[in-house]
>>> print(open('query09.pdb').read())   # PDB, C-alpha atoms and all ligand atoms
ATOM      1  CA  MET N   1      -1.324  -9.471 -21.685
ATOM      2  CA  SER N   2      -1.861 -12.834 -20.142
ATOM      3  CA  SER N   3       1.681 -13.243 -18.896
ATOM      4  CA  ALA N   4       1.491 -10.099 -16.867
ATOM      5  CA  ALA N   5      -1.790 -11.070 -15.315
ATOM      6  CA  SER N   6      -0.705 -14.554 -14.481
ATOM      7  CA  ALA N   7       2.592 -13.338 -13.143
ATOM      8  CA  ALA N   8       0.812 -10.773 -11.040
ATOM      9  CA  GLU N   9      -1.633 -13.329  -9.704
ATOM     10  CA  GLY N  10       1.139 -15.824  -9.313
ATOM     11  CA  LEU N  11       2.167 -13.762  -6.361
ATOM     12  CA  ASP N  12      -0.746 -14.771  -4.519
ATOM     13  CA  ARG N  13      -3.607 -17.106  -0.869
ATOM     14  CA  SER N  14      -7.289 -19.269   1.418
ATOM     15  CA  ARG N  15     -10.342 -20.294   3.347
ATOM     16  CA  THR N  16     -13.556 -22.217   2.924
ATOM     17  CA  GLY N  17     -16.894 -21.071   1.680
ATOM     18  CA  GLY N  18     -20.561 -21.540   0.988
ATOM     19  CA  GLU N  19     -22.199 -22.213  -2.329
ATOM     20  CA  VAL N  20     -21.445 -21.214  -5.886
ATOM     21  CA  THR N  21     -24.052 -19.052  -7.532
ATOM     22  CA  ARG N  22     -25.423 -21.112 -10.364
ATOM     23  CA  LEU N  23     -25.274 -19.302 -13.675
ATOM     24  CA  ASP N  24     -26.890 -21.510 -16.278
ATOM     25  CA  PRO N  25     -26.875 -20.340 -19.893
ATOM     26  CA  PRO N  26     -30.219 -18.925 -21.025
ATOM     27  CA  GLY N  27     -32.678 -21.739 -21.486
ATOM     28  CA  GLY N  28     -29.962 -24.246 -20.706
ATOM     29  CA  SER N  29     -30.045 -27.117 -18.330
ATOM     30  CA  ASN N  30     -26.994 -28.422 -16.540
ATOM     31  CA  THR N  31     -24.946 -29.724 -19.437
ATOM     32  CA  THR N  32     -21.714 -28.489 -17.927
ATOM     33  CA  GLY N  33     -20.492 -31.532 -16.095
ATOM     34  CA  LEU N  34     -19.317 -29.167 -13.365
ATOM     35  CA  ALA N  35     -20.170 -29.515  -9.741
ATOM     36  CA  LEU N  36     -22.226 -26.349  -9.531
ATOM     37  CA  THR N  37     -22.716 -26.476  -5.806
ATOM     38  CA  GLY N  38     -19.067 -26.658  -4.777
ATOM     39  CA  PRO N  39     -17.468 -24.261  -2.354
ATOM     40  CA  ALA N  40     -17.693 -20.603  -3.390
ATOM     41  CA  LEU N  41     -14.932 -18.107  -3.000
ATOM     42  CA  THR N  42     -15.923 -16.235   0.121
ATOM     43  CA  ASP N  43     -13.591 -14.445   2.530
ATOM     44  CA  LEU N  44     -10.852 -13.976  -0.009
ATOM     45  CA  ALA N  45      -7.870 -12.482   1.798
ATOM     46  CA  LEU N  46      -8.004  -9.108   0.068
ATOM     47  CA  ALA N  47     -11.785  -8.997  -0.439
ATOM     48  CA  ARG N  48     -12.564  -8.476   3.222
ATOM     49  CA  GLY N  49     -13.218  -5.190   4.962
ATOM     50  CA  ALA N  50     -15.225  -3.921   7.897
ATOM     51  CA  VAL N  51     -15.129  -0.162   7.423
ATOM     52  CA  ASP N  52     -17.863   1.667   5.511
ATOM     53  CA  ARG N  53     -16.288   3.611   2.667
ATOM     54  CA  SER N  54     -18.737   6.467   3.345
ATOM     55  CA  ALA N  55     -18.563   7.789  -0.201
ATOM     56  CA  TYR N  56     -21.322  10.294   0.572
ATOM     57  CA  LEU N  57     -18.853  12.201   2.781
ATOM     58  CA  ARG N  58     -16.199  12.656   0.105
ATOM     59  CA  ALA N  59     -17.650  15.963  -1.104
ATOM     60  CA  ASN N  60     -18.253  17.352   2.387
ATOM     61  CA  ASP N  61     -15.214  19.581   2.850
ATOM     62  CA  ALA N  62     -16.285  20.854   6.280
ATOM     63  CA  TRP N  63     -16.724  17.303   7.589
ATOM     64  CA  LEU N  64     -13.403  16.223   6.050
ATOM     65  CA  ALA N  65     -11.545  19.144   7.677
ATOM     66  CA  GLN N  66     -13.147  18.388  11.029
ATOM     67  CA  ALA N  67     -12.294  14.683  10.751
ATOM     68  CA  TRP N  68      -8.679  15.479   9.881
ATOM     69  CA  ALA N  69      -8.450  17.811  12.890
ATOM     70  CA  ASP N  70      -9.634  15.054  15.229
ATOM     71  CA  PRO N  71      -6.643  13.430  16.982
ATOM     72  CA  ASP N  72      -8.613  10.160  17.191
ATOM     73  CA  THR N  73      -8.689   9.905  13.396
ATOM     74  CA  ARG N  74      -6.485   7.020  12.186
ATOM     75  CA  VAL N  75      -4.181   7.337   9.182
ATOM     76  CA  VAL N  76      -2.691   4.524   7.077
ATOM     77  CA  VAL N  77       0.498   5.576   5.311
ATOM     78  CA  ALA N  78       1.126   3.631   2.104
ATOM     79  CA  GLU N  79       4.160   3.828  -0.135
ATOM     80  CA  HIS N  80       5.053   1.607  -3.099
ATOM     81  CA  GLY N  81       2.414  -0.942  -2.082
ATOM     82  CA  ARG N  82       3.632  -1.211   1.508
ATOM     83  CA  ALA N  83       2.365  -0.134   4.932
ATOM     84  CA  LEU N  84       3.740  -0.477   8.445
ATOM     85  CA  CYS N  85       2.489  -3.547  10.299
ATOM     86  CA  ALA N  86       3.140  -4.910  13.790
ATOM     87  CA  ILE N  87       3.774  -8.614  13.347
ATOM     88  CA  ASP N  88       3.107 -11.282  15.913
ATOM     89  CA  ASP N  89       3.893 -14.670  14.420
ATOM     90  CA  GLU N  90       0.716 -15.648  12.536
ATOM     91  CA  GLN N  91      -1.001 -12.262  12.818
ATOM     92  CA  ALA N  92      -0.348  -8.656  11.911
ATOM     93  CA  ARG N  93      -2.067  -5.367  12.576
ATOM     94  CA  LEU N  94      -1.818  -2.112  10.711
ATOM     95  CA  LEU N  95       0.126   0.622  12.441
ATOM     96  CA  PHE N  96      -1.875   3.839  12.261
ATOM     97  CA  VAL N  97      -0.658   7.347  12.967
ATOM     98  CA  GLY N  98      -2.670  10.361  14.036
ATOM     99  CA  PRO N  99      -3.249  13.142  11.479
ATOM    100  CA  GLY N 100      -0.634  15.300  13.233
ATOM    101  CA  SER N 101       2.025  12.621  12.719
ATOM    102  CA  ALA N 102       1.179  11.749   9.114
ATOM    103  CA  PRO N 103       3.798  12.604   6.477
ATOM    104  CA  ALA N 104       3.129  15.085   3.713
ATOM    105  CA  GLY N 105       1.456  13.386   0.770
ATOM    106  CA  ILE N 106      -1.831  12.965  -1.030
ATOM    107  CA  ARG N 107      -4.613  12.284   1.442
ATOM    108  CA  PHE N 108      -7.703  10.157   0.822
ATOM    109  CA  LEU N 109     -10.682   9.152   2.939
ATOM    110  CA  LEU N 110     -10.823   5.385   3.510
ATOM    111  CA  GLY N 111     -14.038   5.283   5.534
ATOM    112  CA  VAL N 112     -15.767   5.405   8.905
ATOM    113  CA  ASP N 113     -16.276   2.388  11.189
ATOM    114  CA  GLU N 114     -19.232   1.489  13.404
ATOM    115  CA  LEU N 115     -17.679   3.366  16.336
ATOM    116  CA  ASN N 116     -17.415   6.497  14.156
ATOM    117  CA  THR N 117     -13.642   6.289  13.956
ATOM    118  CA  VAL N 118     -12.537   7.930  10.718
ATOM    119  CA  TYR N 119      -9.764   6.377   8.601
ATOM    120  CA  PHE N 120      -7.671   8.225   6.059
ATOM    121  CA  GLY N 121      -4.832   7.070   3.871
ATOM    122  CA  VAL N 122      -1.797   9.097   2.884
ATOM    123  CA  ALA N 123       0.387   8.278  -0.089
ATOM    124  CA  GLY N 124       3.617   9.260   1.535
ATOM    125  CA  PRO N 125       7.025   8.097   2.703
ATOM    126  CA  LEU N 126       7.210   5.403   5.348
ATOM    127  CA  PRO N 127       9.629   6.130   8.197
ATOM    128  CA  ASP N 128      13.082   4.646   7.712
ATOM    129  CA  ALA N 129      13.304   3.357  11.275
ATOM    130  CA  HIS N 130      10.609   1.540  13.206
ATOM    131  CA  PRO N 131      10.390  -0.344  16.481
ATOM    132  CA  ASP N 132      11.143  -4.040  16.906
ATOM    133  CA  GLY N 133       8.335  -6.189  15.567
ATOM    134  CA  VAL N 134       7.203  -3.543  13.069
ATOM    135  CA  ARG N 135       7.908  -3.907   9.352
ATOM    136  CA  ALA N 136       6.908  -2.244   6.126
ATOM    137  CA  LEU N 137       5.005  -5.142   4.539
ATOM    138  CA  PRO N 138       3.720  -5.472   1.001
ATOM    139  CA  LEU N 139      -0.017  -6.122   0.776
ATOM    140  CA  ARG N 140       0.537  -9.612  -0.591
ATOM    141  CA  GLU N 141       2.383 -10.546   2.587
ATOM    142  CA  ALA N 142       0.331  -8.554   5.097
ATOM    143  CA  GLY N 143      -3.151  -9.239   3.681
ATOM    144  CA  PRO N 144      -3.663 -12.775   4.990
ATOM    145  CA  LEU N 145      -2.267 -11.868   8.425
ATOM    146  CA  LEU N 146      -4.493  -8.835   9.011
ATOM    147  CA  SER N 147      -7.987  -8.650  10.524
ATOM    148  CA  ASP N 148     -10.943  -8.028   8.213
ATOM    149  CA  ARG N 149     -10.840  -4.345   9.129
ATOM    150  CA  ASP N 150      -7.126  -3.921   8.552
ATOM    151  CA  ALA N 151      -7.022  -6.045   5.395
ATOM    152  CA  GLY N 152      -9.789  -3.924   3.875
ATOM    153  CA  LEU N 153      -8.159  -0.644   4.893
ATOM    154  CA  MET N 154      -4.744  -1.628   3.586
ATOM    155  CA  THR N 155      -6.114  -2.935   0.296
ATOM    156  CA  GLU N 156      -8.008   0.316  -0.297
ATOM    157  CA  ALA N 157      -5.057   2.458   0.818
ATOM    158  CA  VAL N 158      -2.558   0.622  -1.375
ATOM    159  CA  ALA N 159      -4.876   0.759  -4.382
ATOM    160  CA  LEU N 160      -5.413   4.512  -4.067
ATOM    161  CA  ALA N 161      -1.773   5.255  -3.232
ATOM    162  CA  ASN N 162      -0.638   3.242  -6.277
ATOM    163  CA  TRP N 163      -2.977   5.261  -8.458
ATOM    164  CA  HIS N 164      -1.854   8.622  -7.068
ATOM    165  CA  GLU N 165       1.801   7.602  -7.402
ATOM    166  CA  THR N 166       1.446   6.937 -11.118
ATOM    167  CA  PHE N 167      -1.505   8.925 -12.526
ATOM    168  CA  THR N 168      -0.273  12.402 -11.750
ATOM    169  CA  HIS N 169      -0.956  14.175 -15.036
ATOM    170  CA  CYS N 170      -3.917  14.789 -17.296
ATOM    171  CA  PRO N 171      -4.006  12.245 -20.158
ATOM    172  CA  ARG N 172      -5.579  14.863 -22.439
ATOM    173  CA  CYS N 173      -3.225  17.840 -22.068
ATOM    174  CA  GLY N 174      -0.388  16.712 -19.827
ATOM    175  CA  SER N 175      -1.027  19.187 -17.026
ATOM    176  CA  PRO N 176      -0.527  18.091 -13.421
ATOM    177  CA  THR N 177      -3.926  17.269 -11.950
ATOM    178  CA  ASP N 178      -5.437  18.111  -8.545
ATOM    179  CA  THR N 179      -7.253  15.686  -6.288
ATOM    180  CA  PHE N 180     -10.893  16.051  -5.265
ATOM    181  CA  ALA N 181     -13.637  13.835  -3.812
ATOM    182  CA  ALA N 182     -11.486  13.248  -0.712
ATOM    183  CA  GLY N 183      -8.675  11.836  -2.827
ATOM    184  CA  HIS N 184     -10.871   9.446  -4.863
ATOM    185  CA  ALA N 185     -10.668  11.461  -8.062
ATOM    186  CA  ARG N 186      -8.411  13.928  -9.887
ATOM    187  CA  ARG N 187      -9.289  16.926 -12.009
ATOM    188  CA  CYS N 188      -7.285  18.830 -14.620
ATOM    189  CA  PRO N 189      -7.081  22.558 -13.811
ATOM    190  CA  VAL N 190      -6.720  23.399 -17.527
ATOM    191  CA  ASP N 191      -9.508  21.457 -19.240
ATOM    192  CA  ALA N 192     -11.538  20.421 -16.177
ATOM    193  CA  SER N 193     -11.485  16.757 -17.213
ATOM    194  CA  GLU N 194     -12.076  14.375 -14.343
ATOM    195  CA  HIS N 195     -10.154  11.134 -13.759
ATOM    196  CA  PHE N 196     -10.911   8.205 -11.494
ATOM    197  CA  PRO N 197      -8.823   5.360 -10.081
ATOM    198  CA  ARG N 198      -7.949   2.875 -12.771
ATOM    199  CA  VAL N 199      -8.795  -0.778 -12.197
ATOM    200  CA  ASP N 200      -7.765  -3.417 -14.742
ATOM    201  CA  PRO N 201     -10.089  -6.441 -14.785
ATOM    202  CA  ALA N 202      -8.340  -9.768 -15.274
ATOM    203  CA  MET N 203      -9.944 -13.181 -15.471
ATOM    204  CA  ILE N 204      -8.519 -16.295 -13.862
ATOM    205  CA  VAL N 205      -9.973 -19.683 -14.596
ATOM    206  CA  LEU N 206      -9.751 -23.314 -13.579
ATOM    207  CA  VAL N 207     -10.507 -25.492 -16.598
ATOM    208  CA  THR N 208     -11.511 -29.107 -16.066
ATOM    209  CA  ASP N 209     -11.709 -31.989 -18.542
ATOM    210  CA  PRO N 210     -14.508 -34.616 -18.693
ATOM    211  CA  ASP N 211     -12.636 -36.649 -16.052
ATOM    212  CA  ASP N 212     -12.669 -33.604 -13.738
ATOM    213  CA  ARG N 213      -8.915 -33.180 -14.017
ATOM    214  CA  ALA N 214      -7.655 -29.598 -13.633
ATOM    215  CA  LEU N 215      -5.547 -27.734 -16.162
ATOM    216  CA  LEU N 216      -2.478 -26.194 -14.522
ATOM    217  CA  ALA N 217       0.251 -24.325 -16.350
ATOM    218  CA  ARG N 218       3.627 -22.814 -15.753
ATOM    219  CA  ASN N 219       4.064 -19.292 -17.028
ATOM    220  CA  ALA N 220       7.182 -18.856 -19.157
ATOM    221  CA  MET N 221       8.451 -16.201 -16.714
ATOM    222  CA  TRP N 222       8.142 -18.427 -13.652
ATOM    223  CA  PRO N 223      10.822 -20.649 -12.144
ATOM    224  CA  GLU N 224      10.638 -24.415 -12.536
ATOM    225  CA  ARG N 225       7.921 -26.294 -10.600
ATOM    226  CA  ARG N 226       5.536 -23.344 -10.138
ATOM    227  CA  VAL N 227       2.127 -23.891 -11.680
ATOM    228  CA  SER N 228      -1.242 -22.180 -11.474
ATOM    229  CA  VAL N 229      -4.525 -21.807 -13.297
ATOM    230  CA  LEU N 230      -4.668 -19.641 -16.423
ATOM    231  CA  ALA N 231      -5.123 -15.885 -16.144
ATOM    232  CA  GLY N 232      -5.195 -12.860 -18.414
ATOM    233  CA  PHE N 233      -6.399  -9.313 -18.693
ATOM    234  CA  VAL N 234      -9.816  -8.586 -20.113
ATOM    235  CA  GLU N 235      -9.304  -6.646 -23.339
ATOM    236  CA  ALA N 236     -11.128  -3.525 -24.445
ATOM    237  CA  GLY N 237     -14.628  -4.264 -25.668
ATOM    238  CA  GLU N 238     -14.576  -7.803 -24.306
ATOM    239  CA  SER N 239     -16.620  -9.498 -21.588
ATOM    240  CA  ALA N 240     -14.897 -11.421 -18.813
ATOM    241  CA  GLU N 241     -16.423 -14.673 -20.145
ATOM    242  CA  GLN N 242     -15.094 -13.933 -23.622
ATOM    243  CA  ALA N 243     -11.666 -13.249 -22.130
ATOM    244  CA  VAL N 244     -11.781 -16.662 -20.417
ATOM    245  CA  ALA N 245     -12.471 -18.465 -23.688
ATOM    246  CA  ARG N 246      -9.919 -16.424 -25.631
ATOM    247  CA  GLU N 247      -7.058 -16.714 -23.140
ATOM    248  CA  VAL N 248      -7.540 -20.438 -22.593
ATOM    249  CA  GLN N 249      -7.580 -21.026 -26.332
ATOM    250  CA  GLU N 250      -4.588 -18.742 -26.994
ATOM    251  CA  GLU N 251      -2.427 -20.160 -24.232
ATOM    252  CA  THR N 252      -3.236 -23.871 -24.442
ATOM    253  CA  GLY N 253      -5.327 -24.514 -27.564
ATOM    254  CA  ILE N 254      -8.156 -25.777 -25.365
ATOM    255  CA  THR N 255     -11.720 -24.675 -26.035
ATOM    256  CA  VAL N 256     -14.175 -24.250 -23.198
ATOM    257  CA  ARG N 257     -17.889 -23.950 -22.460
ATOM    258  CA  ALA N 258     -19.938 -23.435 -19.307
ATOM    259  CA  VAL N 259     -17.939 -20.541 -17.968
ATOM    260  CA  THR N 260     -19.105 -20.123 -14.364
ATOM    261  CA  TYR N 261     -18.315 -17.137 -12.163
ATOM    262  CA  LEU N 262     -16.830 -17.915  -8.735
ATOM    263  CA  GLY N 263     -15.963 -14.584  -7.132
ATOM    264  CA  SER N 264     -13.515 -11.712  -7.297
ATOM    265  CA  GLN N 265     -10.669 -10.178  -5.394
ATOM    266  CA  PRO N 266      -8.945  -6.806  -5.755
ATOM    267  CA  TRP N 267      -5.268  -7.238  -6.571
ATOM    268  CA  PRO N 268      -3.859  -3.704  -6.462
ATOM    269  CA  MET N 269      -0.359  -4.661  -7.480
ATOM    270  CA  PRO N 270      -0.605  -2.273  -9.001
ATOM    271  CA  GLN N 271      -4.243  -2.071 -10.153
ATOM    272  CA  SER N 272      -5.945  -5.356 -11.053
ATOM    273  CA  LEU N 273      -9.289  -6.867 -10.145
ATOM    274  CA  MET N 274      -9.169 -10.663 -10.406
ATOM    275  CA  LEU N 275     -12.404 -12.281 -11.607
ATOM    276  CA  GLY N 276     -12.460 -16.009 -10.821
ATOM    277  CA  PHE N 277     -14.147 -18.620 -13.050
ATOM    278  CA  ARG N 278     -14.533 -22.336 -13.692
ATOM    279  CA  ALA N 279     -14.911 -23.678 -17.203
ATOM    280  CA  ALA N 280     -15.336 -27.095 -18.832
ATOM    281  CA  ALA N 281     -13.065 -28.103 -21.715
ATOM    282  CA  THR N 282     -14.697 -29.199 -24.948
ATOM    283  CA  ARG N 283     -11.365 -29.852 -26.643
ATOM    284  CA  THR N 284      -8.726 -31.225 -24.282
ATOM    285  CA  GLU N 285      -5.594 -31.594 -26.401
ATOM    286  CA  ILE N 286      -2.978 -29.153 -25.097
ATOM    287  CA  THR N 287      -0.936 -26.975 -27.462
ATOM    288  CA  VAL N 288       0.904 -24.364 -25.445
ATOM    289  CA  ASP N 289       1.718 -20.868 -26.624
ATOM    290  CA  ALA N 290       5.431 -21.075 -25.836
ATOM    291  CA  ASP N 291       5.791 -17.300 -25.564
ATOM    292  CA  GLU N 292       3.484 -17.223 -22.576
ATOM    293  CA  ILE N 293       3.271 -20.734 -21.198
ATOM    294  CA  ALA N 294       6.229 -23.024 -20.630
ATOM    295  CA  GLU N 295       4.091 -26.124 -19.980
ATOM    296  CA  ALA N 296       0.529 -27.131 -19.189
ATOM    297  CA  HIS N 297      -0.901 -30.462 -18.074
ATOM    298  CA  TRP N 298      -4.095 -32.081 -16.778
ATOM    299  CA  TYR N 299      -3.959 -33.150 -13.126
ATOM    300  CA  SER N 300      -6.266 -35.424 -11.182
ATOM    301  CA  ARG N 301      -6.539 -34.690  -7.464
ATOM    302  CA  ALA N 302      -4.281 -37.668  -6.735
ATOM    303  CA  ASP N 303      -1.759 -36.491  -9.368
ATOM    304  CA  LEU N 304      -1.689 -33.046  -7.823
ATOM    305  CA  ARG N 305      -1.303 -34.263  -4.256
ATOM    306  CA  ALA N 306       1.543 -36.574  -5.230
ATOM    307  CA  ALA N 307       3.305 -33.870  -7.242
ATOM    308  CA  ILE N 308       3.100 -31.355  -4.412
ATOM    309  CA  GLU N 309       4.130 -33.792  -1.724
ATOM    310  CA  SER N 310       7.126 -34.932  -3.750
ATOM    311  CA  GLY N 311       8.187 -31.329  -4.359
ATOM    312  CA  ALA N 312       7.693 -31.615  -8.131
ATOM    313  CA  LEU N 313       5.065 -28.827  -8.124
ATOM    314  CA  ARG N 314       4.327 -25.728  -6.129
ATOM    315  CA  LEU N 315       1.021 -23.857  -6.135
ATOM    316  CA  PRO N 316       0.325 -20.142  -5.617
ATOM    317  CA  PRO N 317       0.107 -18.966  -2.006
ATOM    318  CA  PRO N 318      -3.210 -18.713  -0.103
ATOM    319  CA  VAL N 319      -3.482 -14.904  -0.506
ATOM    320  CA  SER N 320      -4.215 -15.480  -4.198
ATOM    321  CA  ILE N 321      -7.585 -16.185  -5.732
ATOM    322  CA  ALA N 322      -5.705 -18.779  -7.797
ATOM    323  CA  HIS N 323      -4.993 -20.816  -4.674
ATOM    324  CA  ARG N 324      -8.624 -20.564  -3.609
ATOM    325  CA  ILE N 325      -9.917 -21.627  -7.005
ATOM    326  CA  ILE N 326      -7.620 -24.647  -7.094
ATOM    327  CA  GLN N 327      -8.602 -25.496  -3.517
ATOM    328  CA  SER N 328     -12.317 -25.275  -4.348
ATOM    329  CA  TRP N 329     -11.782 -27.892  -7.048
ATOM    330  CA  TYR N 330      -9.449 -30.010  -4.910
ATOM    331  CA  GLY N 331     -12.013 -30.100  -2.106
ATOM    332  CA  ALA N 332      -9.668 -29.747   0.848
ATOM    333  CA  GLU N 333      -6.770 -27.692   2.121
ATOM    334  CA  LEU N 334      -3.956 -27.820  -0.394
ATOM    335  CA  PRO N 335      -0.827 -29.519   0.869
ATOM    336  CA  GLY N 336       1.595 -26.693  -0.039
ATOM    337  CA  SER N 337       2.285 -23.512  -1.953
ATOM    338  CA  TRP N 338       5.015 -21.166  -2.967
ATOM    339  CA  THR N 339       5.405 -18.013  -0.909
TER     340      THR N 339
HETATM  341 ZN    ZN G   1      -5.919  18.490 -19.030
END
>>> encode(input="query09.pdb", output="structure tokens", more="lines below")
Ligand SMILES: [Zn+2]
Amino acid sequence: MSSAASAAEGLDRSRTGGEVTRLDPPGGSNTTGLALTGPALTDLALARGAVDRSAYLRANDAWLAQAWADPDTRVVVAEHGRALCAIDDEQARLLFVGPGSAPAGIRFLLGVDELNTVYFGVAGPLPDAHPDGVRALPLREAGPLLSDRDAGLMTEAVALANWHETFTHCPRCGSPTDTFAAGHARRCPVDASEHFPRVDPAMIVLVTDPDDRALLARNAMWPERRVSVLAGFVEAGESAEQAVAREVQEETGITVRAVTYLGSQPWPMPQSLMLGFRAAATRTEITVDADEIAEAHWYSRADLRAAIESGALRLPPPVSIAHRIIQSWYGAELPGSWT
């Protein structure tokens, strides 16, 4: 479980923020030793968005038909986690098509912006050929380069397209299902069961010791030198905070307290939601679970800077919540990352 989540999040990117919401335990005072007013995780690369999802319109078939007939409606085509983007050095913009030019495929309403422009997504094939400067980019690569509007649209489109590409049949009886709710749900024509996009919550946590050193680990599936904070999927019947304590203990033998929520980011590759935390170690001796973790160590800020600058370590890229969590502890822009 945890390997997959960390590997998924290992493919990850950054900005600065405001204040952490303080979540003291009931009746507790600040016994955490954590800096509870450090930078919060705002403006995460894939947690932006400027288009109202307009869920109330998803059942309005007449409005949906009219919107689809409007040549000004914009369509994002997504296939295998990619969409067409025009790239200009440090920036990218989504390439939309009109409804008349969209490929055949499952259609879903993405939302309506403040100028009343309607956005749809289509889970369909991307064209094989495109003009110079246009590429089919994966979300991980495009996300940080896109505007708030485009990053939000692509994240939603990729998440829904991934779901439609894989959840095609009824889990109860095996019949092919039909879409409804403007592509945000599926229904079985045989037993009428309804199915909604699957999102897998995963926690990701930066653990610190009493000297405020950070625990960083290398997943067993990663190449040498890559390290990140610990991550793992939340299991059935478990809270995110329980998952933090369990995964940290399983992977490194460390026990934690004062689990503090930092923020979240969708990670639809294919269907995760990353929930970011800080936690304080109460037992700091490291015993790695060799199946999942190749190595784990405590790093001071000076240790980390020296290791990165010498090339001994590489951190996750700024699109990831992992990068942002490490940066919020480090207190400044991180000197480097893997891509
Ligand atoms: Zn069925």
>>> residues_near_ligand(input="query09.pdb", ligand="ligand ZN 1 (chain G)", cutoff="7 Å", atoms="only C-alpha atoms and all ligand atoms", output="PyMOL selection string")
chain N and resi 170-175+188-193
>>> atom_distance(input="query09.pdb", atom1="atom CA of N:Ala281", atom2="atom CA of N:Ser264")
21.8 Å
>>> residues_near_point(input="query09.pdb", point="(-6.5, -14.9, 2.0)", cutoff="12 Å", atoms="all atoms listed in the file", output="JSON list (two decimals) with C-alpha atoms, in the frame of the given file")
[["chain", "number", "residue", "atom", "x", "y", "z"],
["N", 12, "ASP", "CA", -0.75, -14.77, -4.52],
["N", 13, "ARG", "CA", -3.61, -17.11, -0.87],
["N", 14, "SER", "CA", -7.29, -19.27, 1.42],
["N", 15, "ARG", "CA", -10.34, -20.29, 3.35],
["N", 16, "THR", "CA", -13.56, -22.22, 2.92],
["N", 41, "LEU", "CA", -14.93, -18.11, -3.00],
["N", 42, "THR", "CA", -15.92, -16.24, 0.12],
["N", 43, "ASP", "CA", -13.59, -14.44, 2.53],
["N", 44, "LEU", "CA", -10.85, -13.98, -0.01],
["N", 45, "ALA", "CA", -7.87, -12.48, 1.80],
["N", 46, "LEU", "CA", -8.00, -9.11, 0.07],
["N", 47, "ALA", "CA", -11.78, -9.00, -0.44],
["N", 48, "ARG", "CA", -12.56, -8.48, 3.22],
["N", 139, "LEU", "CA", -0.02, -6.12, 0.78],
["N", 140, "ARG", "CA", 0.54, -9.61, -0.59],
["N", 141, "GLU", "CA", 2.38, -10.55, 2.59],
["N", 142, "ALA", "CA", 0.33, -8.55, 5.10],
["N", 143, "GLY", "CA", -3.15, -9.24, 3.68],
["N", 144, "PRO", "CA", -3.66, -12.78, 4.99],
["N", 145, "LEU", "CA", -2.27, -11.87, 8.43],
["N", 146, "LEU", "CA", -4.49, -8.84, 9.01],
["N", 147, "SER", "CA", -7.99, -8.65, 10.52],
["N", 148, "ASP", "CA", -10.94, -8.03, 8.21],
["N", 151, "ALA", "CA", -7.02, -6.04, 5.40],
["N", 152, "GLY", "CA", -9.79, -3.92, 3.88],
["N", 265, "GLN", "CA", -10.67, -10.18, -5.39],
["N", 266, "PRO", "CA", -8.94, -6.81, -5.76],
["N", 267, "TRP", "CA", -5.27, -7.24, -6.57],
["N", 316, "PRO", "CA", 0.32, -20.14, -5.62],
["N", 317, "PRO", "CA", 0.11, -18.97, -2.01],
["N", 318, "PRO", "CA", -3.21, -18.71, -0.10],
["N", 319, "VAL", "CA", -3.48, -14.90, -0.51],
["N", 320, "SER", "CA", -4.22, -15.48, -4.20],
["N", 321, "ILE", "CA", -7.58, -16.18, -5.73],
["N", 322, "ALA", "CA", -5.70, -18.78, -7.80],
["N", 323, "HIS", "CA", -4.99, -20.82, -4.67],
["N", 324, "ARG", "CA", -8.62, -20.56, -3.61],
["N", 325, "ILE", "CA", -9.92, -21.63, -7.00]]
>>> closest_residue(input="query09.pdb", among="N:Leu262, N:Ala306, N:Met221, N:Ala202", to="N:Glu247", atoms="only C-alpha atoms")
N:Ala202
>>> closest_residue(input="query09.pdb", among="N:Ala245, N:Met203, N:Ala214, N:Ala86", to="N:Ala231", atoms="all atoms listed in the file")
N:Met203
>>> closest_residue(input="query09.pdb", among="N:Ala159, N:Ala220, N:Met269, N:Val234", to="N:Ala290", atoms="only C-alpha atoms")
N:Ala220
>>> residues_around(input="query09.pdb", residues="N:Gly133", least_positions_apart="5", cutoff="10 Å", atoms="only C-alpha atoms", output="number ranges by chain")
N: 85-89, 92
>>> closest_residue(input="query09.pdb", among="N:Ile106, N:Leu137, N:Ala65, N:Val51", to="N:Arg93", atoms="all atoms listed in the file")
N:Leu137
>>> residues_around(input="query09.pdb", residues="N:Val248", least_positions_apart="3", cutoff="9 Å", atoms="only C-alpha atoms", output="list in words")
Val205, Val207, Leu230, Ala231, Gly232, Ala243, Val244, Ala245, Glu251, Thr252, Gly253, Ile254, Thr255 and Val256 of chain N
>>> residues_around(input="query09.pdb", residues="N:Leu109", least_positions_apart="4", cutoff="7 Å", atoms="all atoms listed in the file", output="number ranges by chain")
N: 119-121, 182-183
>>> closest_residue(input="query09.pdb", among="N:Val112, N:Ala55, N:Val118, N:Leu84", to="N:Pro71", atoms="all atoms listed in the file")
N:Val118
>>> atom_distance(input="query09.pdb", atom1="atom CA of N:Pro210", atom2="atom CA of N:Ala280")
7.6 Å
>>> resolve_selection(input="query09.pdb", expression="the PyMOL selection byres (((chain N and resi 261) around 10) and not hetatm)", output="number ranges by chain")
N: 20-23, 40-41, 203-205, 240-241, 258-260, 262-264, 275-279
